[in-house]
Amino acid sequence: MSAHTELPQVSAEPAGSCCGGACHSDAAPSATEGAVTTVYQVKGMTCGHCEGAVAGEISELDGVASVTAAAATGQVTVVSAVPLDETAVREAVDEAGYELIGRA
């Protein structure tokens, strides 16, 4: 089980588009193009509630596009516009009640 939090994306396609423009050759570049993906190891997650708590706190950090937490492995994958300050990530994980071990 894993929790995944994504922030809303703004589309340049007309409101009536069924696919958000992903299938059109002239579509705008993906919001994750040039993004940074970082995997962290978090101690103490045991269930979906834990995953949601960690993902929710990290997703509030500036520049975060998505967060996926997996209790089974203790790994949290974060996609962000720029590399995140590890101290800020640590504080977010602490706020959720868990311990950031470091990068996986």
# chains A, B, ... in the order shown; residues from 1 in each chain; ligands from 1
>>> residues_around(residues="Thr37 of chain A", least_positions_apart="2", cutoff="12 Å", atoms="only C-alpha atoms", output="list of chain:residue names")
A:Thr32, A:Glu33, A:Gly34, A:Ala35, A:Val39, A:Tyr40, A:Gly63, A:Val64, A:Ala65, A:Ser66, A:Val67, A:Thr68, A:Val76, A:Thr77, A:Val78, A:Val79, A:Ser80, A:Ala81, A:Val82, A:Pro83, A:Leu84, A:Arg103, A:Ala104
>>> residues_around(residues="Gly44 of chain A", least_positions_apart="6", cutoff="10 Å", atoms="only C-alpha atoms", output="MDAnalysis selection string")
chainID A and resid 50:51 71 74 97:100
>>> closest_residue(among="A:Val42, A:Gly102, A:Ala70, A:Gly56", to="Thr87 of chain A", atoms="only C-alpha atoms")
A:Gly102
>>> closest_residue(among="A:Ala96, A:Val89, A:Ala72, A:Val54", to="Thr38 of chain A", atoms="only C-alpha atoms")
A:Val89
>>> atom_distance(atom1="atom CA of Ala69 of chain A", atom2="atom CA of His49 of chain A")
10.4 Å
